[in-house]
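Pasting target-v1.txt here (compact mmCIF, C-alpha atoms):
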# COMPACT_ATOMS: atom_id res chain seq x y z
CA ASP A 1 21.48 -12.04 1.89
CA THR A 2 19.09 -14.15 -0.16
CA GLY A 3 15.82 -12.85 1.27
CA VAL A 4 13.25 -10.57 -0.33
CA SER A 5 14.61 -7.05 -0.64
CA GLN A 6 12.54 -3.88 -0.83
CA ASP A 7 13.61 -0.35 -1.57
CA PRO A 8 13.23 2.23 -0.16
CA ARG A 9 12.50 1.33 3.46
CA HIS A 10 10.74 4.62 4.05
CA LYS A 11 9.22 7.18 1.71
CA ILE A 12 7.66 10.50 2.65
CA THR A 13 5.90 12.32 -0.14
CA LYS A 14 3.47 15.14 -0.62
CA ARG A 15 -0.06 14.52 -1.75
CA GLY A 16 -0.30 14.45 -5.51
CA GLN A 17 3.22 13.20 -6.13
CA ASN A 18 4.06 9.89 -7.78
CA VAL A 19 6.09 7.25 -5.98
CA THR A 20 7.69 4.00 -7.11
CA PHE A 21 8.80 1.09 -4.96
CA ARG A 22 11.05 -1.78 -5.93
CA CYS A 23 11.04 -5.40 -4.83
CA ASP A 24 13.70 -8.04 -5.48
CA PRO A 25 12.32 -11.49 -4.70
CA ILE A 26 14.25 -14.58 -3.68
CA SER A 27 16.01 -15.54 -6.89
CA GLU A 28 14.45 -18.93 -7.50
CA HIS A 29 10.90 -17.81 -6.65
CA ASN A 30 8.55 -17.44 -9.60
CA ARG A 31 5.67 -15.84 -7.74
CA LEU A 32 5.73 -12.30 -6.49
CA TYR A 33 3.05 -10.55 -4.45
CA TRP A 34 2.32 -7.02 -3.30
CA TYR A 35 0.34 -6.40 -0.14
CA ARG A 36 -0.57 -3.27 1.76
CA GLN A 37 -0.87 -3.07 5.52
CA THR A 38 -2.22 -0.31 7.72
CA LEU A 39 -2.03 -0.11 11.49
CA GLY A 40 -4.13 -2.72 13.25
CA GLN A 41 -5.00 -4.55 10.07
CA GLY A 42 -3.65 -7.65 8.40
CA PRO A 43 -1.89 -7.38 5.05
CA GLU A 44 -4.33 -6.73 2.19
CA PHE A 45 -3.65 -8.36 -1.17
CA LEU A 46 -2.94 -5.96 -4.03
CA THR A 47 -1.59 -8.03 -6.90
CA TYR A 48 0.33 -11.16 -7.84
CA PHE A 49 2.74 -12.16 -10.61
CA GLN A 50 3.71 -15.55 -11.93
CA ASN A 51 7.01 -14.79 -13.63
CA GLU A 52 6.31 -11.66 -15.70
CA ALA A 53 2.55 -12.20 -15.97
CA GLN A 54 0.28 -10.26 -13.64
CA LEU A 55 -2.36 -12.89 -12.88
CA GLU A 56 -4.51 -11.36 -10.16
CA LYS A 57 -5.34 -7.83 -9.08
CA SER A 58 -7.39 -6.72 -6.13
CA ARG A 59 -10.25 -4.26 -6.42
CA LEU A 60 -8.18 -2.24 -3.94
CA LEU A 61 -5.77 -1.57 -6.79
CA SER A 62 -7.27 1.58 -8.27
CA ASP A 63 -6.16 2.99 -11.60
CA ARG A 64 -3.60 5.10 -9.74
CA PHE A 65 -1.71 1.93 -8.87
CA SER A 66 0.34 -0.03 -11.36
CA ALA A 67 2.72 -2.91 -10.88
CA GLU A 68 5.18 -4.45 -13.28
CA ARG A 69 7.58 -7.34 -13.35
CA PRO A 70 9.09 -6.92 -16.81
CA LYS A 71 11.64 -9.72 -16.84
CA GLY A 72 10.13 -11.98 -14.26
CA SER A 73 12.69 -10.93 -11.68
CA PHE A 74 12.31 -7.67 -9.74
CA SER A 75 9.01 -5.82 -9.57
CA THR A 76 7.98 -2.19 -9.23
CA LEU A 77 4.83 -0.75 -7.72
CA GLU A 78 3.95 2.78 -8.75
CA ILE A 79 1.35 4.99 -7.13
CA GLN A 80 0.35 8.06 -9.10
CA ARG A 81 -1.19 11.19 -7.60
CA THR A 82 -0.75 9.93 -4.07
CA GLU A 83 -3.47 10.55 -1.49
CA GLN A 84 -3.23 10.58 2.29
CA GLY A 85 -5.18 7.32 2.35
CA ASP A 86 -2.28 5.66 0.53
CA SER A 87 -0.15 5.95 3.66
CA ALA A 88 0.65 2.39 4.65
CA MET A 89 3.32 -0.27 4.71
CA TYR A 90 3.74 -1.83 1.28
CA LEU A 91 4.92 -5.40 1.56
CA CYS A 92 6.39 -7.54 -1.18
CA ALA A 93 6.52 -11.31 -0.89
CA SER A 94 7.67 -14.16 -3.05
CA SER A 95 7.09 -17.87 -3.15
CA PRO A 96 8.30 -20.82 -5.20
CA SER A 97 6.10 -22.55 -7.75
CA LYS A 98 5.15 -25.52 -5.64
CA GLY A 99 1.39 -25.33 -5.77
CA ALA A 100 -1.06 -23.35 -3.72
CA ARG A 101 0.49 -24.57 -0.46
CA SER A 102 3.69 -22.59 -0.84
CA PRO A 103 4.01 -19.99 1.92
CA LEU A 104 5.05 -16.42 1.30
CA HIS A 105 8.40 -14.94 2.22
CA PHE A 106 8.07 -11.24 2.93
CA GLY A 107 10.51 -8.37 2.57
CA ASN A 108 10.92 -5.69 5.22
CA GLY A 109 8.40 -3.46 3.50
CA THR A 110 8.33 0.13 2.32
CA ARG A 111 6.60 2.51 4.69
CA LEU A 112 4.87 5.28 2.77
CA THR A 113 3.75 8.49 4.43
CA VAL A 114 1.74 10.94 2.34
CA THR A 115 1.59 14.42 3.83
CA ARG B 1 -19.05 -12.59 6.20
CA LYS B 2 -15.40 -11.64 6.00
CA GLU B 3 -13.08 -14.01 4.19
CA VAL B 4 -10.90 -14.59 7.24
CA GLU B 5 -11.95 -13.60 10.75
CA GLN B 6 -9.93 -13.59 13.93
CA ASP B 7 -10.50 -12.33 17.45
CA PRO B 8 -8.19 -9.29 17.59
CA GLY B 9 -7.49 -9.77 21.32
CA PRO B 10 -5.35 -8.73 23.02
CA PHE B 11 -4.71 -11.94 24.86
CA ASN B 12 -2.65 -11.23 27.97
CA VAL B 13 -1.32 -14.44 29.46
CA PRO B 14 1.33 -15.26 32.08
CA GLU B 15 4.50 -17.06 31.15
CA GLY B 16 4.00 -20.80 31.03
CA ALA B 17 0.31 -20.57 30.19
CA THR B 18 -1.40 -22.32 27.31
CA VAL B 19 -3.28 -20.10 24.90
CA ALA B 20 -5.43 -20.90 21.89
CA PHE B 21 -6.50 -18.76 18.94
CA ASN B 22 -9.24 -19.53 16.47
CA CYS B 23 -9.80 -18.29 12.97
CA THR B 24 -12.79 -18.81 10.67
CA TYR B 25 -12.80 -18.63 6.90
CA SER B 26 -15.68 -18.20 4.50
CA ASN B 27 -14.60 -20.03 1.34
CA SER B 28 -15.22 -23.75 1.60
CA ALA B 29 -12.99 -24.29 -1.44
CA SER B 30 -9.90 -22.96 0.34
CA GLN B 31 -7.08 -25.48 0.40
CA SER B 32 -4.08 -23.79 1.94
CA PHE B 33 -3.87 -22.60 5.51
CA PHE B 34 -1.08 -20.97 7.45
CA TRP B 35 -0.29 -19.17 10.65
CA TYR B 36 2.10 -16.23 10.41
CA ARG B 37 3.64 -14.28 13.22
CA GLN B 38 4.23 -10.54 13.03
CA ASP B 39 6.28 -8.57 15.51
CA CYS B 40 5.60 -4.88 15.98
CA ARG B 41 6.60 -2.89 12.88
CA LYS B 42 8.16 -5.96 11.26
CA GLU B 43 7.16 -8.09 8.31
CA PRO B 44 5.02 -11.22 8.76
CA LYS B 45 6.95 -14.45 9.06
CA LEU B 46 5.67 -17.96 8.54
CA LEU B 47 5.04 -19.74 11.81
CA MET B 48 3.60 -22.94 10.42
CA SER B 49 1.48 -24.42 7.68
CA VAL B 50 -1.75 -26.11 8.74
CA TYR B 51 -2.45 -29.60 7.48
CA SER B 52 -5.74 -31.45 7.38
CA SER B 53 -4.66 -33.97 10.00
CA GLY B 54 -3.33 -31.27 12.31
CA ASN B 55 0.33 -30.70 12.96
CA GLU B 56 2.69 -29.80 15.73
CA ASP B 57 5.95 -27.90 15.83
CA GLY B 58 7.45 -27.85 19.28
CA ARG B 59 5.14 -25.88 21.55
CA PHE B 60 2.82 -24.96 18.68
CA THR B 61 -0.08 -27.08 17.45
CA ALA B 62 -2.30 -26.20 14.51
CA GLN B 63 -5.64 -27.79 13.74
CA LEU B 64 -7.98 -27.53 10.76
CA ASN B 65 -11.71 -28.21 10.89
CA ARG B 66 -12.98 -28.15 7.32
CA ALA B 67 -16.59 -28.91 8.24
CA SER B 68 -16.80 -25.85 10.47
CA GLN B 69 -14.29 -23.86 8.44
CA TYR B 70 -12.01 -22.89 11.23
CA ILE B 71 -8.35 -23.14 12.06
CA SER B 72 -6.82 -23.08 15.49
CA LEU B 73 -3.39 -22.43 16.94
CA LEU B 74 -2.42 -23.67 20.38
CA ILE B 75 0.67 -22.38 22.13
CA ARG B 76 1.84 -24.32 25.15
CA ASP B 77 4.25 -23.11 27.84
CA SER B 78 4.13 -19.51 26.59
CA LYS B 79 7.39 -17.58 26.53
CA LEU B 80 7.89 -13.83 26.66
CA SER B 81 9.28 -14.10 23.12
CA ASP B 82 5.90 -15.40 21.90
CA SER B 83 4.47 -11.89 22.31
CA ALA B 84 3.43 -10.88 18.81
CA THR B 85 0.45 -10.69 16.49
CA TYR B 86 -0.62 -14.01 15.01
CA LEU B 87 -2.11 -13.86 11.53
CA CYS B 88 -4.37 -16.53 10.10
CA VAL B 89 -3.88 -16.96 6.34
CA VAL B 90 -6.07 -18.81 3.86
CA ASN B 91 -5.90 -19.16 0.10
CA ARG B 92 -8.81 -17.77 -1.84
CA GLY B 93 -10.12 -20.98 -3.33
CA ALA B 94 -9.25 -24.14 -5.15
CA GLY B 95 -5.91 -23.67 -6.88
CA SER B 96 -5.78 -19.95 -6.06
CA TYR B 97 -2.39 -18.53 -5.18
CA GLN B 98 -3.93 -15.44 -3.59
CA LEU B 99 -3.51 -15.62 0.17
CA THR B 100 -5.93 -13.69 2.37
CA PHE B 101 -4.80 -12.57 5.80
CA GLY B 102 -6.92 -12.08 8.88
CA LYS B 103 -6.50 -8.94 10.95
CA GLY B 104 -4.45 -10.84 13.48
CA THR B 105 -4.68 -11.72 17.14
CA LYS B 106 -2.38 -9.89 19.49
CA LEU B 107 -0.70 -11.91 22.21
CA SER B 108 1.16 -10.46 25.15
CA VAL B 109 2.96 -12.87 27.44
CA ILE B 110 3.47 -11.33 30.85
CA PRO B 111 6.32 -12.21 33.25

Could you take the file, read its structure, and then write that structure out as structure tokens?
Amino acid sequence: DTGVSQDPRHKITKRGQNVTFRCDPISEHNRLYWYRQTLGQGPEFLTYFQNEAQLEKSRLLSDRFSAERPKGSFSTLEIQRTEQGDSAMYLCASSPSKGARSPLHFGNGTRLTVT
Amino acid sequence: RKEVEQDPGPFNVPEGATVAFNCTYSNSASQSFFWYRQDCRKEPKLLMSVYSSGNEDGRFTAQLNRASQYISLLIRDSKLSDSATYLCVVNRGAGSYQLTFGKGTKLSVIP
């Protein structure tokens, strides 16, 4: 399967715990994005990487959130001291470097539930 | 004004009907426009890009009106399988790779 892969599919954690999600983009895609989606809303942009460089971050990304893409391949998104408001679907997407018109290819997402 | 605005619906239409969705965007410098489809509890998937001259893909037609800053999607001969949420997506400005999603318009096609 050459699509975007995310792990885990589901994560249930207690408030205050740290969680880490992984995303493996399509291999030839240089750009990698993280979005968050809650019920009834569209995906909200969190951050974006061009290769290993994190080029844009949303104001939604508080200091409890950190994302890395150390070798320009897979990426991790860590949430520290989780809060109930962090419960959402976390979506990873990738796109090739073909200008601003390149669409995003999404993974299946990681559904986070904070109890 | 929100960056990307859509009528959330739901639009309930009978099979075979034609339905149109509109989306407005606030940044006049936006250059990239897309429609995505999202099925319940699934990831968004690209339906079609939207080009300045308008474009068609089978039963789907997308239009862009830069002067009024809106995008439209027309679905002809609706099928039951078209039932989904349709997301309007716009890039954040000239050369920006950040894509902003609308909240989506829910479509239910009824037998």

Sorted by chain and rising residue number, list the residues of chain B at most 6 Å from chain A (counting all atoms listed in the file), each with its closest atom pair and distance in Å to one decimal, as a Markdown table.
| residue | atom | partner | partner_atom | distance |
| --- | --- | --- | --- | --- |
| B:Ser32 | CA | A:Arg101 | CA | 5.2 |
| B:Glu43 | CA | A:Asn108 | CA | 5.4 |
| B:Gly95 | CA | A:Ala100 | CA | 5.8 |
| B:Tyr97 | CA | A:Ala100 | CA | 5.2 |
| B:Phe101 | CA | A:Gly42 | CA | 5.7 |
| B:Gly102 | CA | A:Gly42 | CA | 5.5 |
| B:Lys103 | CA | A:Gly42 | CA | 4.0 |

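Each of B:Ala94, B:Cys40, B:Met48, B:Cys88 was compared to Asp7 (chain B) using only C-alpha atoms, and B:Cys88 turns out to be the nearest.
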
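Considering all atoms listed in the file, the residue among A:Asp7, A:Asp24, A:Glu83, A:Glu52 positioned nearest to Arg69 (chain A) is A:Glu52.
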
* **Minimum-distance residue to Ser26 (chain B), chosen among B:Leu74, B:Val4, B:Ala67, B:Ala62 (using all atoms listed in the file)** =>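 The shortest atom-to-atom distance to Ser26 (chain B) comes from B:Val4.
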
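Ranking B:Pro14, B:Leu99, B:Thr85, B:Lys2 by their shortest atom-to-atom distance to Arg41 (chain B), with all atoms listed in the file included, puts B:Thr85 first.
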
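Computed from the coordinates, the CA of Phe11 (chain B) to CA of Pro111 (chain B) distance equals 13.9 Å.
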
* Pick from A:Gly85, A:Pro8, A:Gly72, A:Gly16, whichever lies nearest to His29 (chain A) using only C-alpha atoms ->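 Counting only C-alpha atoms, the residue closest to His29 (chain A) is A:Gly72.
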
* Please indicate the distance in Å from CA of Phe74 (chain A) to CA of Thr110 (chain A), rounded to one decimal place. => 14.9 Å

* All residues 12 Å or closer to Asp57 (chain B), all atoms listed in the file, same chain fewer than 5 positions away omitted, as number ranges by chain -> B: 35, 47-51, 62-63, 73-76

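Across the model, the gap from CA of Asn65 (chain B) to CA of Ser78 (chain B) is 23.9 Å.
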
* **Close residues, Ala67 (chain A) itself excluded, 7 Å, only C-alpha atoms, min 3 positions apart in chain, as a PyMOL selection string** => chain A and resi 76-78

* Best match for closeness to His10 (chain A) among A:Leu32, A:Gln80, A:Arg22, A:Arg59, counting all atoms listed in the file ->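 Going through A:Leu32, A:Gln80, A:Arg22, A:Arg59 one by one, the smallest distance to His10 (chain A) is for A:Arg22.
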
* To do: Please identify all polymer residues within 9 Å of Asp39 (chain B), counting only C-alpha atoms, omitting same-chain residues fewer than 2 positions from it, and present them as a list in words.
  =>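 The contact residues come out as Arg37, Arg41, Lys42, Glu43, Pro44, Lys45, Ser83, Ala84, Thr85 and Tyr86 of chain B.
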